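Peer 1: Dropping in query16.pdb, with PDB, C-alpha atoms.
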```
ATOM      1  CA  MET A   1      62.354  84.547  73.862
ATOM      2  CA  GLN A   2      61.769  83.023  77.281
ATOM      3  CA  PRO A   3      61.005  79.453  76.234
ATOM      4  CA  ALA A   4      63.855  79.499  73.692
ATOM      5  CA  ILE A   5      66.509  80.650  76.152
ATOM      6  CA  LEU A   6      65.318  78.184  78.787
ATOM      7  CA  LYS A   7      65.428  75.337  76.277
ATOM      8  CA  ALA A   8      68.909  76.403  75.143
ATOM      9  CA  ALA A   9      70.062  76.594  78.776
ATOM     10  CA  GLU A  10      68.721  73.125  79.511
ATOM     11  CA  HIS A  11      70.553  71.718  76.489
ATOM     12  CA  TYR A  12      73.771  73.553  77.413
ATOM     13  CA  PHE A  13      73.731  72.260  80.986
ATOM     14  CA  ASN A  14      72.960  68.707  79.847
ATOM     15  CA  GLU A  15      75.878  68.751  77.392
ATOM     16  CA  THR A  16      78.511  70.345  79.662
ATOM     17  CA  ASP A  17      79.776  70.006  83.218
ATOM     18  CA  LEU A  18      79.424  73.758  83.702
ATOM     19  CA  ASN A  19      76.931  75.342  86.090
ATOM     20  CA  GLU A  20      76.587  78.814  84.586
ATOM     21  CA  PHE A  21      76.947  80.927  81.492
ATOM     22  CA  SER A  22      77.105  84.658  81.014
ATOM     23  CA  ALA A  23      75.625  87.343  78.814
ATOM     24  CA  LEU A  24      76.848  90.873  78.194
ATOM     25  CA  VAL A  25      74.291  93.642  77.597
ATOM     26  CA  TYR A  26      75.108  97.281  76.929
ATOM     27  CA  ARG A  27      73.948  99.552  79.723
ATOM     28  CA  ASP A  28      71.490 101.461  77.502
ATOM     29  CA  ASN A  29      69.830  98.278  76.159
ATOM     30  CA  LEU A  30      67.157  98.098  78.839
ATOM     31  CA  ARG A  31      64.799  95.941  76.791
ATOM     32  CA  SER A  32      67.318  93.088  76.531
ATOM     33  CA  LEU A  33      68.465  93.565  80.123
ATOM     34  CA  ASN A  34      64.919  93.281  81.455
ATOM     35  CA  ALA A  35      64.089  90.301  79.213
ATOM     36  CA  LEU A  36      67.144  88.348  80.402
ATOM     37  CA  LYS A  37      66.471  89.177  84.043
ATOM     38  CA  LYS A  38      62.866  88.053  83.592
ATOM     39  CA  VAL A  39      63.996  84.529  82.596
ATOM     40  CA  GLY A  40      66.382  84.245  85.526
ATOM     41  CA  PHE A  41      69.677  85.926  84.676
ATOM     42  CA  ILE A  42      71.222  87.714  87.653
ATOM     43  CA  GLU A  43      73.415  90.793  87.525
ATOM     44  CA  ALA A  44      77.059  90.083  88.309
ATOM     45  CA  GLY A  45      78.601  93.494  87.700
ATOM     46  CA  THR A  46      79.695  95.623  84.787
ATOM     47  CA  THR A  47      82.551  95.608  82.314
ATOM     48  CA  LYS A  48      83.959  97.968  79.735
ATOM     49  CA  GLY A  49      82.782  97.030  76.263
ATOM     50  CA  PRO A  50      84.142  98.362  72.972
ATOM     51  CA  TYR A  51      81.166 100.758  72.642
ATOM     52  CA  GLY A  52      80.540 101.536  76.302
ATOM     53  CA  PRO A  53      79.754  99.931  79.663
ATOM     54  CA  GLN A  54      78.040  96.539  79.703
ATOM     55  CA  HIS A  55      76.084  94.636  82.324
ATOM     56  CA  VAL A  56      77.466  91.170  83.064
ATOM     57  CA  LEU A  57      74.597  88.731  83.622
ATOM     58  CA  LEU A  58      74.816  85.117  84.796
ATOM     59  CA  PHE A  59      72.413  82.249  84.280
ATOM     60  CA  MET A  60      73.094  79.535  86.821
ATOM     61  CA  ARG A  61      71.988  75.918  86.796
ATOM     62  CA  ASN A  62      70.736  75.778  90.395
ATOM     63  CA  ILE A  63      69.015  79.125  90.907
ATOM     64  CA  LYS A  64      65.340  78.760  91.920
ATOM     65  CA  ASP A  65      63.750  79.709  88.563
ATOM     66  CA  ASN A  66      66.591  78.519  86.342
ATOM     67  CA  VAL A  67      66.964  75.065  84.815
TER
END
```
With the file now loaded, output its structure as structure tokens.
Peer 2:
Amino acid sequence: MQPAILKAAEHYFNETDLNEFSALVYRDNLRSLNALKKVGFIEAGTTKGPYGPQHVLLFMRNIKDNV
């Protein structure tokens, strides 16, 4: 997953003027949460999802390990 998400992020940033994008992960989905954090997503809080609380994660263009 890591190379794919990094390649997708690079393409996204090259095609837009935006500097970040977000992902929502349900609180009990630790596998996905840890995988996204491993590639450089940072936690930005929580939100109420339709099936329970979700972590809000951000991937930013200029963070040290990001694109």
Peer 1: Evaluate the PyMOL selection byres ((chain A and resi 43) around 9) here and jot the selected residues down as a PyMOL selection string.
Peer 2: chain A and resi 37+41-42+44-46+55-58
Peer 1: Under the rule that only C-alpha atoms are counted, which of A:Met60, A:Asp28, A:Ala23, A:Gly49 is the nearest residue to Ala9 of chain A?
Peer 2: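 Among the listed residues, the smallest separation from Ala9 of chain A belongs to A:Met60.
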Peer 1: Taking all atoms listed in the file into account, which of A:Asn14, A:Asn19, A:Gln2, A:Thr47 comes nearest Phe59 of chain A?
Peer 2: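 With all atoms listed in the file as the atom set, the closest residue is A:Asn19.
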Peer 1: Could you pull the residues within 12 Å of Leu6 of chain A, counting all atoms listed in the file, minus those fewer than 2 positions along the same chain, as number ranges by chain?
Peer 2: A: 1-4, 8-13, 36, 38-41, 59-61, 65-67
Peer 1: Rounded to one decimal in Å, what is the spacing between atom CA of Tyr26 of chain A and atom CA of Tyr51 of chain A?
Peer 2: 8.2 Å
Peer 1: Between atom CA of Leu24 of chain A and atom CA of Gln54 of chain A, what is the spacing in Å?
Peer 2: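 These atoms are spaced 6.0 Å apart.
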Peer 1: Distance atom CA of Asn62 of chain A-atom CA of Asn29 of chain A, one decimal place?
Peer 2: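 Atom CA of Asn62 of chain A sits 26.6 Å away from atom CA of Asn29 of chain A.
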